Amino acid sequence: MFKKIIFLAVLVLFPCPVAQSEQATCQDVYQIYQECHKGGQAVGMDGCQYLIEALGPRLLGEGDLSGFSAALSTAICKAGCEDGAQKKMRMSLPAFRKEFCGQSLK
């Protein structure tokens, strides 16, 4: 179980699209959701909790990532991981766009 959590953390923590660009698109943010959804299927709710506890501080330490972007990335990953852990179907891009992106992200 611990190895799966570490694997998921590596997938999520390495170059995050939101961390790489101030102009992240909804598609970029959706990729975070997708990766965390896959991870949630593998690690379950307990694993998601560990991931989110590690992810927030790690993202806040990124020099080129604003606090808002770190919070957004963490919240999106949490939603995806929990959906996966609860065996919910992955949200489609149009549904994701409507729920999370609104008018703020293209």
# chains A, B, ... in the order shown; residues from 1 in each chain; ligands from 1
call {"tool": "select_by_dssp", "arguments": {"residues": "stretch 62-97 of chain A", "states": "alpha helix (DSSP H)", "output": "list in words"}}
result
Gly67, Phe68, Ser69, Ala70, Ala71, Leu72, Ser73, Thr74, Ala75, Ile76, Cys77, Lys78, Ala79, Gly80, Cys81, Glu82, Asp83, Gly84, Ala85, Leu93, Pro94, Ala95 and Phe96 of chain A
call {"tool": "write_last_selection", "arguments": {"atoms": "N, CA and C atoms", "output": "short mmCIF file (atom, residue, chain, number, x, y, z; two decimals), in the first residue's frame"}}
result
data_model
loop_
_atom_site.label_atom_id
_atom_site.label_comp_id
_atom_site.auth_asym_id
_atom_site.auth_seq_id
_atom_site.Cartn_x
_atom_site.Cartn_y
_atom_site.Cartn_z
N GLY A 67 0.11 30.81 -4.33
CA GLY A 67 -0.69 30.12 -3.32
C GLY A 67 -2.02 29.67 -3.87
N PHE A 68 -2.62 30.48 -4.73
CA PHE A 68 -3.89 30.12 -5.35
C PHE A 68 -3.73 28.89 -6.23
N SER A 69 -2.68 28.86 -7.04
CA SER A 69 -2.45 27.71 -7.92
C SER A 69 -2.17 26.44 -7.12
N ALA A 70 -1.42 26.57 -6.04
CA ALA A 70 -1.14 25.41 -5.19
C ALA A 70 -2.44 24.90 -4.56
N ALA A 71 -3.26 25.81 -4.08
CA ALA A 71 -4.54 25.42 -3.48
C ALA A 71 -5.45 24.78 -4.52
N LEU A 72 -5.48 25.34 -5.72
CA LEU A 72 -6.30 24.79 -6.80
C LEU A 72 -5.83 23.39 -7.17
N SER A 73 -4.54 23.22 -7.35
CA SER A 73 -4.00 21.91 -7.71
C SER A 73 -4.31 20.88 -6.64
N THR A 74 -4.15 21.26 -5.39
CA THR A 74 -4.42 20.34 -4.28
C THR A 74 -5.90 19.97 -4.23
N ALA A 75 -6.78 20.95 -4.39
CA ALA A 75 -8.21 20.68 -4.35
C ALA A 75 -8.65 19.78 -5.50
N ILE A 76 -8.10 20.04 -6.69
CA ILE A 76 -8.45 19.22 -7.86
C ILE A 76 -7.95 17.80 -7.66
N CYS A 77 -6.75 17.65 -7.14
CA CYS A 77 -6.20 16.32 -6.91
C CYS A 77 -7.03 15.59 -5.85
N LYS A 78 -7.43 16.29 -4.83
CA LYS A 78 -8.25 15.68 -3.78
C LYS A 78 -9.56 15.17 -4.36
N ALA A 79 -10.20 15.99 -5.18
CA ALA A 79 -11.46 15.59 -5.79
C ALA A 79 -11.27 14.36 -6.68
N GLY A 80 -10.24 14.37 -7.50
CA GLY A 80 -9.97 13.24 -8.38
C GLY A 80 -9.63 11.98 -7.62
N CYS A 81 -8.78 12.10 -6.63
CA CYS A 81 -8.36 10.93 -5.85
C CYS A 81 -9.56 10.32 -5.11
N GLU A 82 -10.36 11.16 -4.50
CA GLU A 82 -11.53 10.65 -3.77
C GLU A 82 -12.55 10.03 -4.71
N ASP A 83 -12.75 10.63 -5.88
CA ASP A 83 -13.66 10.02 -6.86
C ASP A 83 -13.15 8.64 -7.26
N GLY A 84 -11.86 8.52 -7.52
CA GLY A 84 -11.28 7.23 -7.88
C GLY A 84 -11.38 6.22 -6.75
N ALA A 85 -11.09 6.66 -5.53
CA ALA A 85 -11.14 5.76 -4.37
C ALA A 85 -12.56 5.26 -4.13
N LEU A 93 -14.35 15.81 -19.50
CA LEU A 93 -13.81 17.16 -19.59
C LEU A 93 -14.92 18.21 -19.60
N PRO A 94 -16.01 18.03 -20.37
CA PRO A 94 -17.07 19.05 -20.33
C PRO A 94 -17.69 19.21 -18.92
N ALA A 95 -17.90 18.11 -18.23
CA ALA A 95 -18.45 18.20 -16.87
C ALA A 95 -17.45 18.85 -15.93
N PHE A 96 -16.17 18.49 -16.08
CA PHE A 96 -15.12 19.08 -15.27
C PHE A 96 -15.04 20.58 -15.51
#
call {"tool": "atom_distance", "arguments": {"atom1": "atom CA of A:Cys26", "atom2": "atom CA of A:Leu55"}}
result
19.9 Å
call {"tool": "closest_residue", "arguments": {"among": "A:Glu99, A:Gln86, A:Gly56, A:Ser92", "to": "A:Gln41", "atoms": "only C-alpha atoms"}}
result
A:Gln86
call {"tool": "atom_distance", "arguments": {"atom1": "atom CA of A:Leu51", "atom2": "atom CA of A:Val29"}}
result
17.2 Å
